[in-house]
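The file protein35.txt comes next; it holds compact mmCIF, C-alpha atoms.
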```txt
# COMPACT_ATOMS: atom_id res chain seq x y z
CA MET A 720 16.37 -28.51 -78.65
CA GLU A 721 16.24 -26.55 -75.39
CA ILE A 722 19.95 -25.74 -75.65
CA ILE A 723 19.43 -24.36 -79.15
CA ASN A 724 16.53 -22.26 -77.89
CA ASN A 725 18.70 -20.90 -75.10
CA TYR A 726 21.42 -19.98 -77.58
CA ILE A 727 18.86 -18.20 -79.77
CA LEU A 728 17.56 -16.25 -76.78
CA LEU A 729 21.11 -15.33 -75.74
CA ALA A 730 21.88 -14.13 -79.25
CA THR A 731 18.61 -12.15 -79.29
CA LYS A 732 19.51 -10.58 -75.94
CA PHE A 733 22.92 -9.59 -77.30
CA ILE A 734 21.29 -8.08 -80.41
CA PHE A 735 18.80 -6.18 -78.24
CA LEU A 736 21.57 -4.80 -76.01
CA LEU A 737 23.68 -3.78 -78.99
CA GLY A 738 20.63 -2.18 -80.62
CA THR A 739 19.71 -0.16 -77.54
CA LEU A 740 23.35 0.96 -77.10
CA ILE A 741 23.51 2.15 -80.71
CA TYR A 742 20.15 3.83 -80.21
CA PHE A 743 21.47 5.63 -77.12
CA ILE A 744 24.41 7.00 -79.15
CA PHE A 745 21.93 8.11 -81.80
CA ALA A 746 19.85 9.85 -79.09
CA LEU A 747 23.01 11.68 -77.96
CA ILE A 748 23.59 12.86 -81.54
CA VAL A 749 19.98 14.09 -81.72
CA VAL A 750 20.49 16.14 -78.54
CA LYS A 751 23.68 17.61 -79.96
CA GLN A 752 21.95 18.33 -83.26
CA THR A 753 18.97 20.04 -81.61
CA THR A 754 21.15 22.27 -79.44
CA THR A 755 23.38 23.19 -82.42
CA LEU A 756 20.40 24.00 -84.63
CA SER A 757 18.83 26.03 -81.84
CA ARG A 758 21.97 28.14 -81.64
CA SER A 759 21.88 28.73 -85.42
CA VAL A 760 18.20 29.53 -85.72
CA TYR A 761 16.36 30.86 -82.72
CA ASP A 762 12.56 30.75 -82.51
CA LYS A 763 9.82 30.43 -79.90
CA PHE A 764 9.73 26.65 -79.61
CA ASN A 765 13.46 25.90 -79.47
CA SER A 766 13.41 25.22 -75.74
CA ILE A 767 10.52 22.74 -76.12
CA LEU A 768 12.44 20.87 -78.81
CA ILE A 769 15.54 20.70 -76.62
CA ILE A 770 13.43 19.35 -73.75
CA PHE A 771 11.99 16.71 -76.10
CA SER A 772 15.44 15.63 -77.24
CA TYR A 773 16.69 15.28 -73.64
CA THR A 774 13.54 13.35 -72.66
CA HIS A 775 14.19 11.01 -75.54
CA LEU A 776 17.78 10.55 -74.38
CA VAL A 777 16.60 9.65 -70.86
CA PHE A 778 14.10 7.14 -72.28
CA SER A 779 16.74 5.51 -74.46
CA PHE A 780 19.00 5.19 -71.40
CA PHE A 781 16.15 3.53 -69.47
CA LEU A 782 15.69 1.18 -72.38
CA ILE A 783 19.29 -0.01 -72.01
CA LEU A 784 18.74 -0.58 -68.29
CA LEU A 785 15.44 -2.34 -68.96
CA THR A 786 17.02 -4.59 -71.56
CA PHE A 787 19.85 -5.43 -69.18
CA ILE A 788 17.53 -6.14 -66.22
CA ILE A 789 14.51 -7.83 -67.82
CA LEU A 790 16.10 -9.93 -70.56
CA MET B 504 37.54 84.21 -115.08
CA PRO B 505 35.72 82.63 -112.15
CA ARG B 506 34.67 84.98 -109.40
CA ALA B 507 33.35 84.34 -105.93
CA LYS B 508 29.55 84.62 -105.86
CA ASP B 509 29.58 85.65 -102.27
CA LEU B 510 31.31 89.04 -102.11
CA ASP B 511 32.25 88.59 -98.46
CA THR B 512 34.47 85.64 -99.26
CA VAL B 513 37.68 85.93 -101.20
CA ALA B 514 38.13 84.49 -104.66
CA PRO B 515 41.42 82.77 -105.46
CA ASP B 516 42.46 85.53 -107.89
CA ASP B 517 41.51 88.47 -105.65
CA PHE B 518 44.25 90.90 -104.79
CA LEU B 519 44.96 90.55 -101.10
CA ASN B 520 46.07 93.36 -98.92
CA SER B 521 47.27 91.98 -95.63
CA THR B 522 46.72 95.28 -93.80
CA LEU B 523 43.10 95.63 -94.95
CA LYS B 524 40.82 93.40 -92.91
CA SER B 525 37.10 92.91 -93.26
CA PRO B 526 35.07 94.25 -90.33
CA LEU B 527 32.76 91.24 -90.57
CA PRO B 528 33.74 87.80 -89.19
CA PRO B 529 34.31 85.10 -91.82
CA ARG B 530 31.20 83.14 -92.72
CA PRO B 531 31.12 79.45 -91.92
CA ILE B 532 31.55 77.13 -94.88
CA LYS B 533 28.23 75.63 -95.91
CA LYS B 534 27.76 72.01 -96.89
CA PRO B 535 24.95 72.11 -99.41
CA GLN B 536 25.43 68.45 -100.51
CA ASN B 537 24.16 67.00 -97.22
CA LYS B 538 21.04 69.08 -97.39
CA LYS B 539 20.41 67.87 -100.91
CA ILE B 540 20.64 64.19 -99.88
CA LYS B 541 18.36 64.80 -96.92
CA HIS B 542 15.90 66.49 -99.23
CA LEU B 543 16.01 63.50 -101.58
CA HIS B 544 15.23 61.14 -98.74
CA GLN B 545 12.07 63.02 -97.93
CA SER B 546 8.95 62.65 -100.00
CA SER B 547 6.28 65.30 -100.39
CA ASN B 548 4.33 64.22 -97.30
CA GLY B 549 7.42 64.20 -95.12
CA LYS B 550 7.88 60.42 -94.86
CA SER B 551 11.11 58.88 -96.10
CA HIS B 552 10.94 56.68 -99.21
CA SER B 553 12.39 53.81 -97.21
CA ALA B 554 9.60 53.99 -94.63
CA GLN B 555 7.02 54.20 -97.40
CA PHE B 556 8.43 51.12 -99.11
CA ARG B 557 8.48 49.25 -95.81
CA GLN B 558 4.88 50.25 -95.14
CA ASN B 559 3.92 48.93 -98.59
CA VAL B 560 5.77 45.68 -97.91
CA TYR B 561 4.00 45.09 -94.60
CA GLY B 562 0.72 46.10 -96.24
CA ILE B 563 1.20 43.34 -98.82
CA LEU B 564 2.29 40.77 -96.23
CA GLY B 565 -0.45 41.32 -93.68
CA LYS B 566 -0.06 39.72 -90.26
CA THR B 567 1.01 36.31 -88.97
CA LYS B 568 -2.06 34.27 -88.07
CA HIS B 569 -0.55 31.96 -85.45
CA PRO B 570 2.93 31.15 -84.05
CA PHE B 571 3.07 27.76 -85.82
CA SER B 572 2.54 29.46 -89.18
CA SER B 573 5.05 28.85 -91.95
CA PHE B 574 4.65 32.49 -93.01
CA LEU B 575 6.01 34.68 -90.20
CA VAL B 576 5.81 38.39 -90.87
CA LYS B 577 8.30 40.53 -88.92
CA PRO B 578 8.73 37.94 -86.14
CA LYS B 579 9.52 39.36 -82.72
CA VAL B 580 11.32 36.36 -81.31
CA PHE B 581 13.03 34.87 -84.37
CA ASN B 582 16.77 35.29 -84.83
CA PHE B 583 19.65 33.62 -86.65
CA ARG B 584 23.36 33.48 -86.04
CA GLU B 585 24.52 35.20 -89.24
CA ARG B 586 22.26 38.23 -88.71
CA ASP B 587 23.86 41.69 -88.83
CA THR B 588 23.20 44.01 -85.93
CA ASP B 589 21.03 46.51 -87.82
CA GLU B 590 19.41 43.97 -90.16
CA GLU B 591 15.61 43.89 -90.09
CA ILE B 592 13.89 40.53 -90.58
CA ILE B 593 10.88 41.12 -92.81
CA LEU B 594 9.66 37.59 -93.48
CA VAL B 595 10.50 34.08 -92.29
CA LEU B 596 9.25 31.16 -94.35
CA ARG B 597 9.04 27.44 -93.81
CA ARG B 598 7.55 24.74 -96.01
CA HIS B 599 3.75 24.80 -96.08
CA TRP B 600 2.22 22.82 -93.17
CA ILE B 601 0.45 20.47 -95.58
CA THR B 602 3.85 19.08 -96.62
CA ASN B 603 4.06 17.59 -93.10
CA LEU B 604 0.97 15.49 -93.70
CA THR B 605 2.96 12.54 -95.16
CA TRP B 606 5.15 12.00 -92.11
CA ILE B 607 2.24 12.65 -89.74
CA LEU B 608 0.27 9.86 -91.43
CA ILE B 609 3.29 7.53 -91.34
CA THR B 610 3.73 8.29 -87.62
CA LEU B 611 0.08 7.54 -86.94
CA SER B 612 0.31 4.23 -88.76
CA MET B 613 3.50 3.41 -86.80
CA ILE B 614 1.63 4.11 -83.56
CA ILE B 615 -1.23 1.84 -84.59
CA ALA B 616 1.04 -0.95 -85.93
CA PRO B 617 1.73 -2.77 -82.58
CA ILE B 618 -2.01 -2.85 -81.88
CA LEU B 619 -2.60 -4.41 -85.28
CA LEU B 620 0.27 -6.85 -84.65
CA THR B 621 -1.68 -8.42 -81.77
CA THR B 622 -3.98 -9.96 -84.37
CA VAL B 623 -0.99 -11.43 -86.22
CA PRO B 624 1.06 -13.89 -84.05
CA LEU B 625 4.44 -12.49 -85.12
CA LEU B 626 6.04 -11.86 -81.71
CA GLU B 627 4.34 -14.69 -79.86
CA SER B 628 7.29 -17.06 -80.36
CA PHE B 629 9.38 -14.73 -78.11
CA PRO B 630 9.01 -14.56 -74.31
CA PRO B 631 6.80 -11.70 -72.96
CA ALA B 632 9.83 -9.70 -71.74
CA TYR B 633 11.25 -9.58 -75.27
CA GLN B 634 7.86 -8.58 -76.64
CA PHE B 635 7.65 -5.75 -74.09
CA ILE B 636 11.13 -4.42 -74.93
CA SER B 637 10.39 -4.67 -78.67
CA ILE B 638 7.24 -2.57 -78.31
CA ILE B 639 9.00 0.11 -76.24
CA PHE B 640 11.84 0.19 -78.78
CA TRP B 641 9.33 0.50 -81.60
CA TYR B 642 7.62 3.49 -79.97
CA LEU B 643 10.97 5.20 -79.40
CA ILE B 644 11.79 4.74 -83.09
CA THR B 645 8.35 6.14 -83.97
CA PHE B 646 9.01 9.15 -81.77
CA ILE B 647 12.46 9.83 -83.18
CA TYR B 648 11.21 9.50 -86.75
CA SER B 649 8.50 12.11 -86.23
CA PHE B 650 10.86 14.30 -84.19
CA GLU B 651 13.49 14.30 -86.96
CA GLN B 652 10.83 15.23 -89.51
CA LEU B 653 9.64 18.05 -87.26
CA LEU B 654 13.22 19.30 -86.83
CA SER B 655 13.71 19.22 -90.58
CA TRP B 656 10.59 21.36 -91.09
CA TYR B 657 11.28 23.71 -88.21
CA PHE B 658 14.93 24.49 -88.90
CA ASN B 659 14.80 24.67 -92.70
CA VAL B 660 13.99 28.33 -93.02
CA TYR B 661 13.98 30.96 -95.73
CA ILE B 662 14.52 34.48 -94.51
CA ILE B 663 13.90 37.79 -96.26
CA THR B 664 15.54 40.75 -94.58
CA ASP B 665 15.82 44.37 -95.69
CA GLU B 666 19.27 43.58 -97.10
CA ARG B 667 19.32 39.99 -98.31
CA VAL B 668 17.57 36.71 -99.01
CA ILE B 669 18.74 33.72 -96.98
CA ASP B 670 18.22 29.98 -97.28
CA ILE B 671 19.23 27.85 -94.28
CA ASP B 672 19.06 24.11 -94.93
CA PHE B 673 19.63 21.24 -92.54
CA ASN B 674 19.66 18.20 -94.77
CA ASN B 675 20.44 15.51 -92.23
CA LEU B 676 21.83 15.09 -88.74
CA LEU B 677 25.11 16.87 -89.25
CA SER B 678 24.91 18.94 -92.41
CA LYS B 679 24.04 22.60 -92.64
CA ASN B 680 23.86 24.72 -95.77
CA PHE B 681 23.67 28.51 -95.64
CA SER B 682 23.04 30.47 -98.87
CA GLU B 683 22.45 34.17 -99.18
CA ALA B 684 22.08 36.82 -101.86
CA LYS B 685 21.86 40.57 -101.54
CA ILE B 686 18.53 42.05 -102.59
CA SER B 687 20.42 44.30 -105.02
CA MET B 688 21.93 41.20 -106.64
CA ILE B 689 18.55 39.63 -107.47
CA GLN B 690 18.02 39.50 -111.22
CA ASP B 691 14.90 37.43 -111.71
CA VAL B 692 12.24 35.81 -109.54
CA THR B 693 10.07 32.94 -110.75
CA SER B 694 7.36 31.02 -108.96
CA THR B 695 6.12 27.51 -109.76
CA ILE B 696 2.91 25.95 -108.52
CA ILE B 697 2.45 22.38 -109.70
CA GLY B 698 -0.22 19.84 -108.85
CA VAL B 699 -3.55 19.71 -107.12
CA SER B 700 -2.37 20.13 -103.52
CA GLN B 701 -0.13 23.12 -104.37
CA THR B 702 -2.92 24.83 -106.29
CA PHE B 703 -5.51 24.05 -103.63
CA PHE B 704 -3.40 25.15 -100.64
CA ASN B 705 -1.61 27.94 -102.52
CA PHE B 706 2.03 27.02 -102.08
CA GLY B 707 4.93 26.40 -104.43
CA ASN B 708 8.57 26.93 -105.27
CA ILE B 709 10.23 30.29 -105.82
CA GLN B 710 13.44 30.46 -107.86
CA ILE B 711 15.53 33.54 -107.24
CA GLN B 712 18.21 34.11 -109.88
CA THR B 713 21.06 36.21 -108.59
CA ALA B 714 24.24 37.83 -109.82
CA ALA B 715 25.91 36.77 -106.59
CA GLU B 716 28.21 33.83 -105.92
CA VAL B 717 25.19 31.56 -105.46
CA PRO B 718 23.47 31.75 -108.88
CA GLU B 719 20.07 30.56 -107.65
CA ILE B 720 18.26 30.34 -104.36
CA THR B 721 15.12 28.22 -104.25
CA PHE B 722 12.40 28.58 -101.66
CA GLU B 723 10.75 25.15 -101.69
CA LYS B 724 7.02 24.63 -101.08
CA VAL B 725 6.50 27.99 -99.41
CA PRO B 726 3.02 29.44 -98.90
CA ASN B 727 1.70 32.45 -100.87
CA PRO B 728 4.35 32.61 -103.63
CA GLU B 729 2.70 35.56 -105.38
CA ILE B 730 2.89 37.68 -102.20
CA ILE B 731 6.57 36.81 -101.79
CA ILE B 732 7.26 37.87 -105.38
CA LYS B 733 5.50 41.20 -104.78
CA VAL B 734 7.50 41.79 -101.61
CA LEU B 735 10.78 40.98 -103.34
CA GLY B 736 9.78 43.40 -106.11
CA GLN B 737 9.19 46.17 -103.58
CA LEU B 738 12.48 45.50 -101.83
CA ARG B 739 14.34 45.53 -105.14
CA GLN B 740 12.76 48.88 -106.00
CA GLU B 741 13.81 50.21 -102.62
CA GLU B 742 17.37 49.01 -103.17
CA GLU B 743 17.46 50.59 -106.64
CA LEU B 744 16.27 53.88 -105.19
CA GLU B 745 18.89 53.69 -102.48
CA ASN B 746 21.54 53.13 -105.15
CA ILE B 747 20.30 56.13 -107.15
CA GLU B 748 20.33 58.31 -104.06
CA GLY B 749 23.76 57.03 -103.17
CA ARG B 750 22.76 55.68 -99.79
CA VAL B 751 24.92 52.84 -98.69
CA LYS B 752 24.22 50.93 -95.49
```
Produce structure tokens that represent the structure in this file.
Amino acid sequence: MEIINNYILLATKFIFLLGTLIYFIFALIVVKQTTTLSRSVYDKFNSILIIFSYTHLVFSFFLILLTFIIL
Amino acid sequence: MPRAKDLDTVAPDDFLNSTLKSPLPPRPIKKPQNKKIKHLHQSSNGKSHSAQFRQNVYGILGKTKHPFSSFLVKPKVFNFRERDTDEEIILVLRRHWITNLTWILITLSMIIAPILLTTVPLLESFPPAYQFISIIFWYLITFIYSFEQLLSWYFNVYIITDERVIDIDFNNLLSKNFSEAKISMIQDVTSTIIGVSQTFFNFGNIQIQTAAEVPEITFEKVPNPEIIIKVLGQLRQEEELENIEGRVK
């Protein structure tokens, strides 16, 4: 029973790692999207949005590290 | 037989004697057409028709109340890539702020969800580390959901300039749609206000029928549709007058 539980946890860890990696790629696309849109349409708050997208990218990277270290 | 009105100048059928020269220097050729156009541009009180029309337009529009407004009159900072050098931005429109209420409520419920989950033992079968990562992941998803919705609202803009009407759409992550129609090409403008919220908050759709390549441009859920229709009417009149006067930018 314990072996099965270990396998389930290993599979969950793998799913978590894969999920965070895919999420990181998604965060990269969001950064690219925000910068592209900001070049097309310029308004007052563009820089704030770009900062938000980069912050999100950094957080998603930390999530990968966290998943790798903690789990 | 046609004769020269000015006796100092020579008519084509005048007999010319090469030895006889006029003591007066030849008069410079006048260009009366330019003066006529200039005169047409001026109204009785000295202001140009164009400036008068523009004054009327800004009179109808009023002023922008705050920078987050979805109804930006003559914005100082706003710009877009396809703008011509001498093009004046008159109005920038976004969807009415109330249309954001749905995703704001969803975001709020997503924020509250993990707190509510503590009452339901859904994640308790997993070790605490997994629970911790799951919650962080959930909040990142919540953030990106609201951020994408904000981007969609912020970058989907409708622009009215002195020359054209523009619709810039960003449908999803990697798709952009740019539609434009010259003001002179506009044939018909219709506004639609449907439902309680649209009537209460005064916003709706505006359909602009054009004779251009894009047959219709729709401004979706924009505030103050009746003001926009008035402004477009004024700009069309200005364009018609420019066409009559023969002014071409």
Once you count all atoms listed in the file, which residues of chain B turn out to be within 6 Å of chain A? Could you give them as a list in words?
->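 Interface list for chain B against chain A: Val580, Phe581, Asn582, Phe583 and Arg584 of chain B.
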Using CA of Glu721 (chain A) and CA of Val623 (chain B) as the two end points, give the distance in Å to one decimal.
-> 25.4 Å
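Compared by their closest atoms to Gly565 (chain B), and using all atoms listed in the file, the residues B:Ile731, B:Val699, B:Thr713, B:Glu742 rank with B:Ile731 nearest.
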Nearby residues (all atoms listed in the file) at most 10 Å from region 681-689 of chain B, same-chain spacing under 2 positions excluded, as a VMD selection string | chain B and resid 585 661 to 673 679 691 to 692 711 to 721 735 to 736 738 to 743 745 to 746
Sel. within 12 Å of pt (10.7, 2.0, -80.3), counting all atoms listed in the file, output as number ranges by chain = A: 735, 738-739, 742-743, 775, 778-779, 782; B: 610, 613-614, 616-617, 634-649
Separation of CA of Thr567 (chain B) from CA of Trp606 (chain B) in Å =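 Taking CA of Trp606 (chain B) as the start and CA of Thr567 (chain B) as the end point, the length is 24.9 Å.
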Quick one: distance from CA of Asn727 (chain B) to CA of Phe706 (chain B) in Å, one decimal?
-> 5.6 Å
